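K.L.:
If it helps, the file is called my_file_12.csv and holds CSV, C-alpha atoms:
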chain,number,residue,atom,x,y,z
A,24,MET,CA,-21.7,-58.0,48.4
A,25,ARG,CA,-21.8,-54.4,47.0
A,26,LYS,CA,-19.3,-53.3,49.6
A,27,THR,CA,-16.8,-56.1,48.5
A,28,ILE,CA,-17.1,-55.2,44.8
A,29,THR,CA,-16.5,-51.5,45.6
A,30,ARG,CA,-13.4,-52.5,47.6
A,31,TYR,CA,-12.0,-54.6,44.7
A,32,LEU,CA,-12.7,-51.7,42.3
A,33,TRP,CA,-10.8,-49.3,44.5
A,34,LEU,CA,-8.0,-51.8,44.7
A,35,ILE,CA,-7.8,-52.1,40.9
A,36,VAL,CA,-7.9,-48.3,40.5
A,37,LEU,CA,-5.2,-47.9,43.0
A,38,LEU,CA,-3.1,-50.5,41.3
A,39,LEU,CA,-3.5,-48.8,37.9
A,40,ALA,CA,-2.7,-45.4,39.4
A,41,THR,CA,0.5,-46.9,40.9
A,42,VAL,CA,1.5,-48.4,37.6
A,43,LEU,CA,0.8,-45.2,35.7
A,44,LEU,CA,2.8,-43.2,38.3
A,45,LEU,CA,5.8,-45.6,38.0
A,46,GLN,CA,5.7,-45.3,34.2
A,47,GLN,CA,5.6,-41.5,34.5
A,48,ILE,CA,8.8,-41.5,36.6
A,49,LYS,CA,10.3,-44.1,34.2
A,50,TRP,CA,10.5,-46.8,36.9
A,51,LEU,CA,8.4,-49.0,34.7
A,52,PRO,CA,8.3,-49.3,30.9
A,53,SER,CA,5.2,-47.9,29.1
A,54,PHE,CA,2.6,-50.4,27.8
A,55,LYS,CA,3.8,-49.6,24.2
A,56,ASP,CA,7.4,-50.2,25.1
A,57,VAL,CA,6.6,-53.6,26.6
A,58,PHE,CA,5.7,-55.0,23.2
A,59,THR,CA,8.3,-53.0,21.2
A,60,SER,CA,11.2,-55.1,19.8
A,61,GLN,CA,14.5,-54.1,21.4
A,62,PRO,CA,17.0,-52.5,19.0
A,63,LEU,CA,19.8,-54.8,17.8
A,64,GLU,CA,23.1,-53.2,19.0
A,65,ILE,CA,26.6,-54.3,18.2
A,66,ASP,CA,29.4,-54.6,20.8
A,67,ASN,CA,32.0,-51.8,20.8
A,68,THR,CA,34.9,-53.9,19.6
A,69,PRO,CA,38.4,-52.3,19.1
A,70,LEU,CA,39.8,-51.2,15.8
A,71,VAL,CA,43.0,-53.0,14.6
A,72,ILE,CA,45.4,-51.1,12.3
A,73,LYS,CA,46.4,-53.5,9.6
A,74,GLU,CA,48.3,-51.1,7.2
A,75,VAL,CA,49.6,-47.6,7.1
A,76,ASN,CA,50.4,-46.4,3.6
A,77,ALA,CA,52.0,-43.2,2.5
A,78,LEU,CA,50.0,-41.5,-0.4
A,79,ALA,CA,50.5,-38.6,-2.7
A,80,GLN,CA,47.2,-38.3,-4.4
A,81,LEU,CA,45.9,-34.9,-5.6
A,82,ILE,CA,42.1,-35.2,-5.3
A,83,THR,CA,40.6,-32.6,-7.6
A,84,ILE,CA,37.0,-33.7,-8.3
A,85,THR,CA,34.3,-35.4,-6.1
A,86,ALA,CA,31.2,-36.6,-7.9
A,87,TYR,CA,28.1,-37.4,-5.8
A,88,ASN,CA,25.4,-39.6,-7.3
A,89,GLU,CA,22.3,-41.7,-6.4
A,90,VAL,CA,21.9,-45.0,-8.0
A,91,VAL,CA,19.1,-47.6,-7.8
A,92,ILE,CA,19.4,-51.3,-8.5
A,93,GLU,CA,16.8,-54.0,-8.6
A,94,GLN,CA,17.6,-57.7,-8.5
A,95,THR,CA,15.3,-60.7,-8.7
A,96,ILE,CA,16.2,-64.3,-8.1
A,97,LYS,CA,13.7,-66.8,-9.5
A,98,GLY,CA,12.5,-69.5,-7.1
A,99,VAL,CA,13.8,-73.0,-7.6
A,100,PRO,CA,11.4,-76.0,-7.8
A,101,VAL,CA,10.6,-77.5,-4.4
A,102,PHE,CA,11.4,-81.1,-5.5
A,103,SER,CA,14.4,-80.9,-7.7
A,104,GLY,CA,16.4,-84.1,-6.7
A,105,PRO,CA,16.9,-86.9,-9.2
A,106,LEU,CA,15.0,-89.4,-7.1
A,107,VAL,CA,11.9,-87.2,-6.5
A,108,PRO,CA,10.0,-86.2,-9.7
A,109,SER,CA,9.6,-82.4,-9.8
A,110,LEU,CA,6.0,-81.2,-9.7
A,111,PRO,CA,5.2,-78.6,-12.2
A,112,GLY,CA,4.3,-75.2,-10.6
A,113,ILE,CA,5.5,-76.1,-7.1
A,114,LYS,CA,8.5,-74.0,-6.4
A,115,PHE,CA,9.9,-71.6,-3.8
A,116,PRO,CA,8.7,-68.0,-4.3
A,117,ASP,CA,10.9,-65.5,-6.2
A,118,LYS,CA,12.9,-63.1,-4.1
A,119,LYS,CA,13.5,-59.5,-4.9
A,120,ILE,CA,15.6,-56.7,-3.5
A,121,ILE,CA,15.7,-53.0,-4.4
A,122,LEU,CA,18.7,-51.0,-3.1
A,123,ILE,CA,19.3,-47.2,-3.3
A,124,GLY,CA,23.0,-46.1,-3.0
A,125,LYS,CA,24.1,-42.5,-2.5
A,126,GLY,CA,27.8,-42.7,-3.3
A,127,LYS,CA,30.7,-40.5,-4.1
A,128,VAL,CA,33.7,-40.9,-6.4
A,129,LEU,CA,37.0,-39.1,-5.9
A,130,ALA,CA,39.1,-38.4,-9.0
A,131,GLY,CA,42.5,-36.9,-9.4
A,132,VAL,CA,46.2,-37.7,-10.1
A,133,GLU,CA,48.7,-39.9,-8.4
A,134,LEU,CA,51.6,-37.5,-7.7
A,135,SER,CA,53.6,-40.5,-6.3
A,136,LYS,CA,54.1,-41.5,-9.9
A,137,LEU,CA,56.0,-38.3,-10.7
A,138,SER,CA,59.6,-39.1,-11.5
A,139,ASP,CA,62.7,-37.0,-12.1
A,140,LYS,CA,62.1,-37.1,-15.8
A,141,ASP,CA,58.7,-35.5,-15.4
A,142,ILE,CA,60.1,-32.3,-13.8
A,143,PHE,CA,62.3,-29.9,-15.8
A,144,VAL,CA,63.7,-26.8,-14.2
A,145,LYS,CA,65.8,-24.1,-15.8
A,146,GLY,CA,66.3,-20.8,-14.0
A,147,ASP,CA,62.8,-19.3,-13.3
A,148,SER,CA,61.1,-21.7,-15.8
A,149,VAL,CA,59.6,-25.1,-14.9
A,150,ALA,CA,57.9,-27.8,-16.9
A,151,ILE,CA,56.0,-30.7,-15.2
A,152,HIS,CA,54.3,-33.6,-16.8
A,153,LEU,CA,51.6,-35.0,-14.4
A,154,PRO,CA,50.4,-38.6,-14.6
A,155,LYS,CA,47.0,-39.1,-16.2
A,156,ALA,CA,44.0,-38.5,-14.0
A,157,LEU,CA,42.0,-41.5,-12.7
A,158,LEU,CA,39.3,-42.6,-10.3
A,159,LEU,CA,41.0,-42.7,-6.9
A,160,GLN,CA,38.2,-43.9,-4.6
A,161,VAL,CA,34.6,-45.0,-4.9
A,162,ILE,CA,32.9,-44.6,-1.6
A,163,LEU,CA,29.7,-46.5,-0.8
A,164,ASN,CA,29.6,-47.0,2.9
A,165,PRO,CA,26.9,-48.9,4.8
A,166,SER,CA,25.2,-45.6,5.7
A,167,ASP,CA,25.0,-44.8,2.0
A,168,PHE,CA,22.6,-47.7,1.3
A,169,GLU,CA,18.9,-47.8,1.7
A,170,THR,CA,16.9,-51.0,1.3
A,171,PHE,CA,13.7,-49.9,-0.5
A,172,GLU,CA,12.3,-53.4,-0.8
A,173,GLU,CA,13.4,-56.9,0.3
A,174,THR,CA,11.3,-60.1,-0.2
A,175,GLY,CA,12.6,-63.6,0.5
A,176,THR,CA,15.7,-64.6,2.3
A,177,TRP,CA,18.8,-63.0,0.9
A,178,THR,CA,22.2,-64.4,2.0
A,179,ASP,CA,25.1,-62.1,2.8
A,180,ASP,CA,26.9,-63.2,-0.4
A,181,GLU,CA,23.8,-62.4,-2.5
A,182,VAL,CA,23.3,-58.9,-1.0
A,183,ARG,CA,27.1,-58.2,-1.4
A,184,ALA,CA,26.9,-59.1,-5.1
A,185,VAL,CA,24.0,-56.7,-5.6
A,186,LYS,CA,25.8,-53.9,-3.8
A,187,GLN,CA,28.8,-54.6,-6.1
A,188,LYS,CA,26.6,-54.2,-9.1
A,189,LEU,CA,25.3,-50.9,-7.7
A,190,LYS,CA,28.9,-49.7,-7.3
A,191,ASP,CA,29.7,-50.6,-10.9
A,192,LYS,CA,26.6,-48.7,-12.0
A,193,LEU,CA,27.8,-45.7,-10.0
A,194,ILE,CA,31.2,-45.8,-11.7
A,195,ILE,CA,29.6,-46.0,-15.1
A,196,THR,CA,27.3,-43.0,-14.5
A,197,VAL,CA,30.2,-40.9,-13.1
A,198,LEU,CA,32.5,-41.8,-16.1
A,199,ARG,CA,29.8,-40.6,-18.5
A,200,GLN,CA,30.1,-37.1,-16.9
A,201,ASN,CA,33.7,-36.9,-18.3
A,202,ILE,CA,35.0,-36.7,-14.7
A,203,ILE,CA,38.6,-37.9,-15.7
A,204,GLN,CA,39.1,-35.0,-18.1
A,205,LYS,CA,37.7,-32.5,-15.5
A,206,ALA,CA,40.0,-34.0,-12.8
A,207,GLY,CA,43.0,-33.7,-15.1
A,208,ASP,CA,42.2,-30.0,-16.0
A,209,LYS,CA,41.7,-29.1,-12.3
A,210,ALA,CA,45.0,-30.8,-11.4
A,211,LYS,CA,46.8,-28.8,-14.1
A,212,LEU,CA,45.3,-25.6,-12.7
A,213,ILE,CA,46.3,-26.4,-9.1
A,214,MET,CA,49.9,-27.3,-10.0
A,215,GLU,CA,50.3,-24.1,-12.2
A,216,ASN,CA,49.1,-22.0,-9.2
A,217,PHE,CA,51.4,-23.8,-6.8
A,218,LEU,CA,54.4,-23.4,-9.0
A,219,GLN,CA,53.7,-19.7,-9.7
A,220,ASN,CA,53.4,-19.1,-5.9
A,221,SER,CA,56.7,-21.0,-5.5
A,222,GLY,CA,58.5,-18.3,-7.5
A,223,PHE,CA,58.6,-19.6,-11.0
A,224,LYS,CA,57.8,-17.0,-13.8
A,225,LYS,CA,57.3,-19.4,-16.7
A,226,VAL,CA,55.2,-22.5,-15.8
A,227,THR,CA,54.2,-25.3,-18.2
A,228,VAL,CA,52.1,-28.2,-16.8
A,229,THR,CA,50.9,-31.0,-19.0
A,230,VAL,CA,48.7,-34.0,-17.9
A,231,GLY,CA,49.1,-37.5,-19.3
A,232,ASN,CA,46.3,-38.9,-21.5
B,22,MET,CA,24.7,-35.9,-10.2
B,23,ALA,CA,26.7,-33.2,-8.4
B,24,LEU,CA,30.4,-32.4,-9.1
B,25,GLN,CA,32.6,-30.6,-6.6
B,26,GLN,CA,36.0,-29.2,-7.3
B,27,MET,CA,38.7,-30.0,-4.7
B,28,SER,CA,42.3,-29.3,-4.1
B,29,ASP,CA,43.1,-32.0,-1.5
B,30,LEU,CA,46.5,-33.7,-1.2
B,31,ALA,CA,45.9,-37.1,0.4
B,32,THR,CA,49.1,-38.2,2.1
B,33,VAL,CA,48.2,-41.2,4.2
B,34,GLU,CA,45.7,-44.1,4.3
B,35,TYR,CA,45.1,-46.3,7.3
B,36,VAL,CA,43.6,-49.7,6.7
B,37,VAL,CA,41.8,-50.9,9.9
B,38,THR,CA,39.7,-53.9,10.7
B,39,LYS,CA,36.8,-54.4,13.1
B,40,ILE,CA,34.7,-57.3,14.3
B,41,ILE,CA,30.9,-56.7,14.2
B,42,LYS,CA,29.3,-58.8,16.9
B,43,ALA,CA,25.6,-58.8,17.9
B,44,SER,CA,23.2,-61.0,19.8
B,45,ASP,CA,19.4,-60.6,19.3
B,46,ASN,CA,18.1,-62.0,22.6
B,47,LYS,CA,16.9,-58.9,24.4
B,48,THR,CA,13.2,-58.9,23.4
B,49,TRP,CA,11.3,-61.0,26.0
B,50,TYR,CA,8.5,-62.2,23.8
B,51,LYS,CA,10.8,-63.5,21.0
B,52,ILE,CA,11.6,-67.2,21.8
B,53,GLY,CA,15.1,-68.2,20.8
B,54,ASP,CA,18.3,-66.4,20.0
B,55,ARG,CA,19.9,-65.0,16.9
B,56,LYS,CA,23.7,-64.3,16.8
B,57,ILE,CA,25.8,-62.8,14.1
B,58,LEU,CA,29.5,-62.1,13.6
B,59,MET,CA,30.9,-60.1,10.7
B,60,SER,CA,34.3,-58.7,9.9
B,61,CYS,CA,34.8,-55.4,8.2
B,62,LYS,CA,37.7,-53.5,6.8
B,63,ALA,CA,37.8,-49.7,6.5
B,64,THR,CA,40.2,-47.5,4.6
B,65,LEU,CA,40.7,-44.0,6.2
B,66,THR,CA,42.3,-41.3,4.1
B,67,ALA,CA,43.8,-38.0,5.4
B,68,GLY,CA,45.8,-35.1,4.0
B,69,ILE,CA,45.9,-31.4,3.5
B,70,ASP,CA,43.8,-28.9,1.6
B,71,LEU,CA,46.1,-27.2,-0.9
B,72,SER,CA,43.6,-24.5,-1.8
B,73,SER,CA,44.2,-22.8,1.5
B,74,ILE,CA,47.9,-22.2,0.6
B,75,LYS,CA,48.1,-18.5,-0.5
B,76,ARG,CA,51.1,-16.6,-1.9
B,77,GLU,CA,51.6,-15.0,1.6
B,78,ASN,CA,52.2,-18.5,3.0
B,79,ILE,CA,55.3,-18.9,0.8
B,80,ASN,CA,58.5,-17.0,1.5
B,81,ILE,CA,61.3,-17.3,-1.0
B,82,GLU,CA,64.9,-16.1,-0.6
B,83,GLY,CA,67.1,-17.3,-3.3
B,84,LYS,CA,67.4,-21.1,-2.9
B,85,ASN,CA,65.6,-21.0,0.5
B,86,ILE,CA,61.9,-21.5,0.8
B,87,THR,CA,59.6,-21.3,3.8
B,88,LEU,CA,56.1,-22.7,3.3
B,89,ILE,CA,53.1,-22.7,5.7
B,90,LEU,CA,50.8,-25.7,5.1
B,91,PRO,CA,47.3,-26.0,6.6
B,92,HIS,CA,46.7,-28.6,9.3
B,93,SER,CA,45.6,-32.0,8.1
B,94,LYS,CA,42.0,-33.2,7.9
B,95,MET,CA,40.1,-36.4,7.3
B,96,MET,CA,39.2,-36.9,3.7
B,97,ALA,CA,37.5,-40.2,3.4
B,98,VAL,CA,36.2,-43.1,5.4
B,99,ASN,CA,35.7,-46.0,2.9
B,100,ILE,CA,34.1,-49.3,3.9
B,101,LYS,CA,33.6,-51.2,0.7
B,102,PRO,CA,30.6,-53.6,0.4
B,103,GLU,CA,33.0,-56.4,-0.5
B,104,ASP,CA,35.0,-55.7,2.7
B,105,ILE,CA,32.1,-56.5,5.0
B,106,VAL,CA,31.9,-60.3,5.3
B,107,GLU,CA,29.6,-62.5,7.5
B,108,GLU,CA,31.8,-65.0,9.4
B,109,TYR,CA,29.2,-66.7,11.5
B,110,GLU,CA,25.4,-66.7,12.0
B,111,SER,CA,23.3,-68.8,14.5
B,112,ILE,CA,19.5,-68.8,14.3
B,113,ASP,CA,17.3,-70.7,16.7
B,114,VAL,CA,14.4,-72.7,15.2
B,115,LEU,CA,11.7,-70.2,16.1
B,116,ARG,CA,13.6,-67.1,14.8
B,117,GLN,CA,13.9,-65.6,11.3
B,118,PRO,CA,17.3,-65.3,9.6
B,119,PHE,CA,18.9,-61.8,9.5
B,120,THR,CA,17.7,-59.8,6.5
B,121,GLY,CA,20.0,-57.7,4.3
B,122,LYS,CA,18.5,-54.6,5.8
B,123,GLU,CA,19.3,-55.8,9.4
B,124,ARG,CA,22.9,-56.8,8.4
B,125,ASN,CA,23.3,-53.3,6.8
B,126,ALA,CA,22.0,-51.6,10.0
B,127,LEU,CA,24.6,-53.4,12.0
B,128,ALA,CA,27.3,-52.3,9.5
B,129,ILE,CA,26.1,-48.7,9.9
B,130,GLN,CA,26.7,-49.0,13.7
B,131,ALA,CA,30.2,-50.3,13.0
B,132,GLU,CA,30.8,-47.4,10.5
B,133,ASN,CA,29.8,-44.9,13.2
B,134,GLN,CA,32.1,-46.6,15.7
B,135,VAL,CA,35.0,-46.4,13.2
B,136,LYS,CA,34.3,-42.7,12.7
B,137,ALA,CA,34.2,-42.0,16.4
B,138,SER,CA,37.5,-43.8,16.9
B,139,ILE,CA,39.5,-41.8,14.3
B,140,ALA,CA,41.0,-39.3,16.7
B,141,GLU,CA,42.6,-42.1,18.7
B,142,LEU,CA,44.5,-43.5,15.7
B,143,GLY,CA,46.9,-40.6,15.2
B,144,ILE,CA,46.1,-40.5,11.4
B,145,LEU,CA,46.1,-36.7,11.3
B,146,GLN,CA,49.6,-36.5,12.7
B,147,THR,CA,50.9,-39.1,10.2
B,148,ALA,CA,49.2,-37.1,7.4
B,149,GLU,CA,51.1,-34.0,8.3
B,150,THR,CA,54.4,-35.8,8.6
B,151,ASN,CA,53.8,-37.4,5.1
B,152,ALA,CA,52.7,-34.1,3.7
B,153,ALA,CA,55.9,-32.4,4.9
B,154,LEU,CA,58.0,-35.2,3.4
B,155,PHE,CA,56.2,-35.1,0.1
B,156,VAL,CA,56.3,-31.3,-0.3
B,157,ASN,CA,59.9,-31.2,0.8
B,158,SER,CA,60.9,-33.8,-1.8
B,159,PHE,CA,58.9,-32.0,-4.5
B,160,LEU,CA,60.4,-28.6,-3.7
B,161,HIS,CA,63.9,-30.2,-3.6
B,162,HIS,CA,63.2,-31.5,-7.2
B,163,LEU,CA,62.3,-27.9,-8.1
B,164,GLY,CA,65.8,-26.8,-7.1
B,165,TYR,CA,65.3,-25.4,-3.6
B,166,GLU,CA,68.1,-26.3,-1.2
B,167,LYS,CA,66.8,-25.2,2.2
B,168,ILE,CA,63.2,-25.9,2.8
B,169,VAL,CA,61.2,-25.0,5.9
B,170,ILE,CA,57.7,-26.4,6.3
B,171,GLN,CA,55.3,-25.2,9.0
B,172,PHE,CA,51.9,-26.4,10.1
B,173,GLY,CA,50.3,-23.5,11.9
B,174,ASN,CA,52.4,-23.2,15.0
B,175,VAL,CA,54.2,-26.5,14.4
B,176,LEU,CA,57.6,-26.2,12.7
B,177,ASN,CA,59.1,-29.0,10.6
B,178,THR,CA,62.5,-28.2,9.1
B,179,LYS,CA,63.9,-30.4,6.3
B,180,ASN,CA,67.3,-29.6,4.8
Written as structure tokens, how would this file's structure read?
P.N.:
Amino acid sequence: MRKTITRYLWLIVLLLATVLLLQQIKWLPSFKDVFTSQPLEIDNTPLVIKEVNALAQLITITAYNEVVIEQTIKGVPVFSGPLVPSLPGIKFPDKKIILIGKGKVLAGVELSKLSDKDIFVKGDSVAIHLPKALLLQVILNPSDFETFEETGTWTDDEVRAVKQKLKDKLIITVLRQNIIQKAGDKAKLIMENFLQNSGFKKVTVTVGN
Amino acid sequence: MALQQMSDLATVEYVVTKIIKASDNKTWYKIGDRKILMSCKATLTAGIDLSSIKRENINIEGKNITLILPHSKMMAVNIKPEDIVEEYESIDVLRQPFTGKERNALAIQAENQVKASIAELGILQTAETNAALFVNSFLHHLGYEKIVIQFGNVLNTKN
């Protein structure tokens, strides 16, 4: 009897040693990996070019900012149909989401709006009137978002609406920093420098308001 | 908030689309499948950095000008939240719906794939062609008659 038990114990030890050895040489997943959820990966689908647009944008300022937004949607009553009387206090739980967005805003002038009447040249003098500065791009890519908290089931449309609000908040905070004025001033400086390097002695650059 | 001064001339934007496709059926102990299909649109912007043009890069002889422009670079990859749209979702009875965080994680993978594919699109070449066209037109307005534009070793002559 004792001999049989010893034999079985040896068999178990041998089996465990074999499993551990196979895990070490990566032929078997580790015990931890067996119960780890597999990462969700997307297929590598091709990119399709929809448009190619020529631009002439002078980007003069990039503003970086971090914005937080919190949104709560109150739970609706469980029985809300006209035929079923609603029971007070019985409703779906509220849902809440807190997003952090680290975005950037590019500002500058649209040089494509320059027309013949905006450029005046006489001898070695030049006068240019640049279009007014504006926000050219607001960049909040998926990797710029962090979900700090999410409770309840949020649909794609609902999350997108919250992200849109966060983007609006980013624009407001950036505009408070007088970015448009700064972008216009920098555009004026760049253009003056370029024109002086291009051989003009007297340079006048103005920016639209 | 941080502000950075730039001198970038953006000369081209590519609008590209991509399908984001994933099946969550690889974990053995989760019973049932989850599938999602999203579409996304990305705007890629490229151009040249005007700050690297120095006086020695410009040679003027009367009405003739020779200008050396820097090579083009990528300026922005912009995937707006409103441009990522869920087209289809299938959740089996025993599985939970996709959360906002999971959908965003899939969109991040798509963003990385877009960034990795930029070199194949030829956007930098188009940016240089457009930069040459714009600078040529601008210098023509300033009164120059013969304009030579170079990008490093590449020579683009516009008369």
K.L.:
Could you make a table, as CSV, of the residues of chain A that have an atom within 7 Å of an atom of chain B, each with its nearest atom pair and distance in Å to one decimal, counting all atoms listed in the file, in chain and number order?
P.N.:
residue,atom,partner,partner_atom,distance
A:Ser60,CA,B:Thr48,CA,5.6
A:Gln61,CA,B:Thr48,CA,5.4
A:Leu63,CA,B:Asp45,CA,6.0
A:Glu64,CA,B:Ala43,CA,6.2
A:Ile65,CA,B:Ala43,CA,4.6
A:Asp66,CA,B:Lys42,CA,5.7
A:Thr68,CA,B:Ile40,CA,6.3
A:Pro69,CA,B:Lys39,CA,6.6
A:Leu70,CA,B:Lys39,CA,5.2
A:Val71,CA,B:Thr38,CA,5.2
A:Ile72,CA,B:Val37,CA,4.3
A:Lys73,CA,B:Val37,CA,5.3
A:Glu74,CA,B:Val36,CA,4.9
A:Val75,CA,B:Tyr35,CA,4.7
A:Asn76,CA,B:Glu34,CA,5.3
A:Ala77,CA,B:Val33,CA,4.6
A:Leu78,CA,B:Thr32,CA,4.2
A:Ala79,CA,B:Thr32,CA,5.0
A:Gln80,CA,B:Ala31,CA,5.1
A:Leu81,CA,B:Leu30,CA,4.6
A:Ile82,CA,B:Asp29,CA,5.1
A:Thr83,CA,B:Met27,CA,4.3
A:Ile84,CA,B:Gln26,CA,4.7
A:Thr85,CA,B:Gln25,CA,5.1
A:Ala86,CA,B:Leu24,CA,4.4
A:Tyr87,CA,B:Ala23,CA,5.1
A:Asn88,CA,B:Met22,CA,4.8
A:Val144,CA,B:Leu163,CA,6.4
A:Ile162,CA,B:Asn99,CA,5.5
A:Leu163,CA,B:Lys101,CA,6.3
A:Asn164,CA,B:Ile100,CA,5.2
A:Pro165,CA,B:Ile129,CA,5.2
A:Ser166,CA,B:Ile129,CA,5.3
A:Thr170,CA,B:Lys122,CA,6.0
A:Thr176,CA,B:Thr120,CA,6.7
A:Trp177,CA,B:Gly121,CA,6.4
A:Asp179,CA,B:Glu107,CA,6.5
A:Val182,CA,B:Gly121,CA,6.4
A:Arg183,CA,B:Pro102,CA,6.1
A:Lys186,CA,B:Pro102,CA,6.4
A:Gln187,CA,B:Pro102,CA,6.8
A:Asn220,CA,B:Arg76,CA,5.2
A:Ser221,CA,B:Ile79,CA,6.8
K.L.:
What's the separation between atom CA of A:Leu34 and atom CA of A:Asp56, in Å to one decimal place?
P.N.:
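Calculated distance between atom CA of A:Leu34 and atom CA of A:Asp56 is 25.0 Å.
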K.L.:
Hey, can you check how far atom CA of A:Glu93 sits from atom CA of A:Lys118?
P.N.:
10.9 Å
K.L.:
Rank B:Ser111, B:Glu166, B:Ala153, B:Lys56 by their smallest atom-to-atom distance to B:Ile89, using all atoms listed in the file, and report the top residue only.
P.N.:
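When distances to B:Ile89 are compared using all atoms listed in the file, the smallest one comes from B:Ala153.
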K.L.:
Please compute the atom CA of A:Glu89-atom CA of A:Lys127 distance, one decimal, in Å.
P.N.:
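Here the two named atoms are 8.8 Å from each other.
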K.L.:
Leaving out A:Val99 and any residue of its chain fewer than 2 positions from it, which residues lie within 7 Å of it when counting only C-alpha atoms, given as a ChimeraX atom specification?
P.N.:
/A:97,101,114-115
